[in-house]
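Input: a single structure, listed below in structure tokens.
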There are 2 protein chains.
Amino acid sequence: MNGARERAAVGTTARLMRSAAAADSARFPLAAFRERLRAHGHRSFAVERVPFADLDQWHAEPGTGNLRHRTGRFFTVEGLRRTAWGDPGPGAVRPVMVQPEIGVLGIVVKEFDGVLHLLLQAKAEPGNVPAVQLSPTVQATRSNFTRSHGGSAVRFLEYFTSPARGRVLADVLQSEHGEYFLHKRNRHMLVETGEEVPEHPDFHWLTLGQLYRLLHEDRLVNMDTRSVLACAPLAPASAPATDRDGGGVWHSLGGASRPRHTMEEVVRWLTRARAGQSHVSRPVPLAEVEESGWRRGPEEISRDGGPFRVVAVRVRTAGREVGSWCQPLVNPRGAGVSAFGATRFDGVLHVLAQAKEEPGLITGPEVAPTVQCLPGESAPFADRLLSAPAERIRFDTVLAEEGGRFLAADNRYLLVEDDTLPAIPPPGYHWLTLRQLARLTAWGHHVSVQARTLLVCALAAAADA
Amino acid sequence: MNGARERAAVGTTARLMRSAAAADSARFPLAAFRERLRAHGHRSFAVERVPFADLDQWHAEPGTGNLRHRTGRFFTVEGLRRTAWGDPGPGAVRPVMVQPEIGVLGIVVKEFDGVLHLLLQAKAEPGNVPAVQLSPTVQATRSNFTRSHGGSAVRFLEYFTSPARGRVLADVLQSEHGEYFLHKRNRHMLVETGEEVPEHPDFHWLTLGQLYRLLHEDRLVNMDTRSVLACAPLAPASAPATDRDGGGVWHSLGGASRPRHTMEEVVRWLTRARAGQSHVSRPVPLAEVEESGWRRGPEEISRDGGPFRVVAVRVRTAGREVGSWCQPLVNPRGAGVSAFGATRFDGVLHVLAQAKEEPGLITGPEVAPTVQCLPGESAPFADRLLSAPAERIRFDTVLAEEGGRFLAADNRYLLVEDDTLPAIPPPGYHWLTLRQLARLTAWGHHVSVQARTLLVCALAAAADA
């Protein structure tokens with residue numbers, strides 16, 4: 001890397017660390033933010049369930065039964081057939097959302113009084129409960145870019161188009177929910193501007209430290225925001241002394257200490273897992289889900305005891321791109337659990353990660369939390385982490401998944417310190433420092449959206465401590 | 001990275017550099033190798049074209065028309081439908097090979113007389129002309145691992161199973177020919193052993209420098225070998241002084257000089273290209289290729305003027321896993337071209353790369369050579385690179401693609417120094433140093449198989465100079 005540019009990158013990390021250590025902002029105090037957020041409470045949606053037959057602009061494609069928008073854009077609901085590797089049998093089919101276009105999740109960053117602030121949007125999404133949560137500055141599908149639904153332009157989008165209006169701090173592609181989506185990816189961006197940014201009642205400047213505090217509140221910081229925050233360059237390969245200004249956050253990343261395993265060992269573990277995938281998945285017509293016990297009813301596509309169902313809603317609003325629209329949503333049956341078990345080796349916090357195979361992940365298994373369960377699922381380590389005594393729980397909050405595709409999708413996010421976890425992990429698991437998790441995240445396509453959320457939660461817990 | 005491990009990694013690079021500088025080996029001289037290779041000449045295949053109806057163990061699946069093996073393993077020939085993004089039309093359909101399993105391409109490395117040598121295999125493949133080329137120590141499909149074709153065990157496979165028998169120098173997943181395969185990936189490994197390795201007449205020890213010399217010979221070093229050599233850790237993030245022992249190779253990677261762009265700029269360029277893909281592809285029944293002018297005849301699946309056809313062969317041999325078998329092969333209509341245009345900026349060699357979209361690449365566009373053309377295709381810069389005067393041509397050799405899936409698939413590989421190339425590249429192109437290309441290769445899923453070949457060719461040209 002060029003000397004000047006390397007110094008610039010290093011400076012970015014130190015400045016982000018300072019923002020992480022800023023638990024409040026003199027210019028934009030949390031108290032005032034909360035006051036403004038309350039005012040948003042009524043700017044919500046009217047969301048009603050409708051039969052699939054009443055889905056304006058959407059139809060079941062003849063032959064396949066796939067649910068698709070008239071224009072072919074946004075997303076489709078199709079079938080996904082999953083077979084065990086080498087098994088000649090038919091495998092199992094489930095519904096899956098297919099969204100091949102890559103959207104942008106972007107946060108504008110700006111320095112006020114020497115501290116970096118991030119511009120968050122109080123935004124209502126049809127599937128979120130409560131509807132209004134904190135979203136990135138911009139949350140735009142490629143359809144938004146090209147205005148295919150005839151709505152108004154996306155505010156602040158110009159910071160993330162090419163060339164970006166500002167200094168790009170991060171720009172990376174990430175996967176999303178491989179249990180529900182086939183090969184979905186979004187572009188995650190942080191762009192710093194020196195310009196005057198126009199004020200708007202839905203948009204709020206917050207330090208990283210303020211965001212970390214808000215992260216402890218149930219269903220407030222939305223999934224896309226968490227996922228973009230996980231991409232903030234807090235963990236470059238070499239950590240200069242100035243990063244120590246981050247205090248608890250810097251220490252939680254491992255400080256200047258040595259990790260139990262090198263990055264090469266970690267990456268090779270993941271490569272082995274990817275090469276040894278147990279299942280193969282491919283899209284098939286939605287009609288084929290009936291083979292596997294799913295019923296395509298007039299109001300829902302569901303299976304007895306299945307972890308989710310597909311439903312249809314009509315949404316009415318004044319404040320969004322379009323006044324009213326219909327769409328399918330995926331509705332999980334209850335809350336999922338994502339939990340990292342953590343232990344200190346030589347004083348450095350390590351989390352126990354698994355290489356988890358999900359049918360829709362584009363490059364194969366990704367780094368997932370110790371426990372990553374759909375509603376009703378069980379998994380190794382789940383019982384002990386869920387029943388941990390309070391003094392070992394570092395983070396425990398219920399957060400919502402993406403409200404544009406999911407209806408009321410809660411996950412309980414947990415970070416539990418437990419020094420009785422096995423120092424030699426079972427096959428498929430590996431110990432990582434948070435710095436290693438952050439570096440894998442920065443590469444893209446390596447860390448599940450749940451693990452990205454928990455990375456940010458772990459930093460929030462450290463900032464708080 | 002841990003100090004001791006970092007030193008070990010650094011040591012590996014310096015030792016590989018020394019092997020790269022070893023144009024011959026006292027213990028295993030090139031002259032003796034050539035003598036032994038000539039003895040292999042007769043150990044070839046009898047390959048005959050057969051009608052699809054005579055393909056033992058393979059059949060056209062009722063309904064879809066997909067060509068598949070009785071067991072469902074190896075690979076299938078299906079249709080791939082490609083539509084322009086946002087275009088509601090049907091797009092175009094072509095045949096594609098689908099091989100979801102991840103195989104292993106592995107080279108055993110061992111030090112003799114203080115210099116690392118690589119164990120190459122003189123191996124016949126049914127589609128290669130000449131049949132016998134230099135392949136990695138191990139070239140195994142996952143089906144080989146599990147012995148699904150009832151053949152004998154793959155020799156030396158134990159060095160690459162988990163845990164590997166030796167020190168892993170590289171272990172990374174790479175894509176392969178996105179114009180012909182849907183989402184194909186192989187695991188690329190280099191493993192160093194200190195053990196005694198049993199001799200075998202088909203296996204030969206060669207230094208990297210010897211391999212670089214052999215690379216200048218038409219159709220000798222096979223595609224898998226080139227692709228694994230591209231993963232050799234010759235370009236760690238920081239280059240210590242001992243790497244200078246590599247001489248021309250070290251200098252060609254950029255030495256200690258500064259590249260025109262940082263790695264971050266390069267990665268963001270690729271991320272932008274991936275987010276802006278112009279097309280969407282998905283597997284469909286092979287029968288649908290007829291929509292796009294392909295004919296499924298008794299002996300070939302072909303289209304007038306198409307760049308390839310699908311044929312069927314019967315192979316007879318004594319020296320391979322199975323004495324005789326049938327399989328489909330893809331037969332390109334003539335030779336393709338892959339060429340890097342190169343220029344020196346501040347004395348450092350840079351190549352002009354493009355972010356090239358291919359329908360079957362799993363993560364979207366990858367870093368490809370300036371020109372990467374199928375037979376008969378044209379492309380920007382092709383004319384000027386192909387007509388460059390001899391004194392500007394650094395490398396020019398015809399090499400074969402993978403002979404287990406392709407029949408007589410030649411590519412002309414060219415490296416041309418041309419200081420009239422545009423310093424500000426057109427959209428979709430970017431200047432990279434060879435070190436940056438090598439580092440992207442080490443990450444996996446970032447560099448096309450043609451660009452990986454040309455990376456090795458460029459190092460070979462430098463070693464030679």
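Chain lettering (A, B, ...) mirrors the order of the structure tokens, residue numbering begins at 1 for each chain separately, and ligand numbering begins at 1 in order of display.
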* To do: Might you pull out every residue within 10 Å of B:Trp431, with only C-alpha atoms counted and same-chain residues fewer than 4 positions away left off, and present them as a list in words?
  =>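 Contacts, in chain order: Pro259, Arg260, His261, Val266, Gly341, Ala342, Thr343, Phe345, Leu349, His350, Val351, Leu352, Ala353, Gln354, Thr370, Pro422, Ala423, Ile424, Pro425, Gln436 and Leu437 of chain B.
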* To do: Over all C-alpha atoms, paired in order, superpose chain A onto chain B by least squares and report how large the RMSD is in Å.
  =>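 The superposed chains show a C-alpha RMSD of 0.0 Å.
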* Show which residues sit within 9 Å of stretch 207-215 of chain A, as a ChimeraX atom specification. Count only C-alpha atoms, and ignore same-chain residues fewer than 3 positions away. => /A:16-25,28-30,115-119,218-221,226,229,397,399,456-457,459-461,463-464
* Please provide the set of residues having any atom within 12 Å of B:Ala140, restricted to only C-alpha atoms, with same-chain residues fewer than 4 positions apart removed, written as a count of residues only. => 30
* Counting only C-alpha atoms, chain B residues within 6 Å of chain A, as JSON, numbers by chain -> {"B": [1, 72, 88, 102, 262, 275]}
* From the DSSP assignment of the backbone, select every residue of stretch 117-311 of chain A that is helix (DSSP H, G or I), and format the answer as a PyMOL selection string. => chain A and resi 142-145+157-159+208-214+223-229+241-246+248-252+263-275+286-292
* Asked: How far is it from atom CA of B:Phe203 to atom CA of B:Leu120, in Å with one decimal?
  -> 5.6 Å
* Find the residue from B:Pro365, B:Ala53, B:Glu192, B:Phe33 that sits nearest to B:Pro298; use only C-alpha atoms when measuring. => B:Ala53
* Which residues, written as a PyMOL selection string, have at least one atom at most 9 Å from A:Arg333, with only C-alpha atoms counted and residues fewer than 4 positions away on the same chain left out? -> chain A and resi 305-309+374-376+409
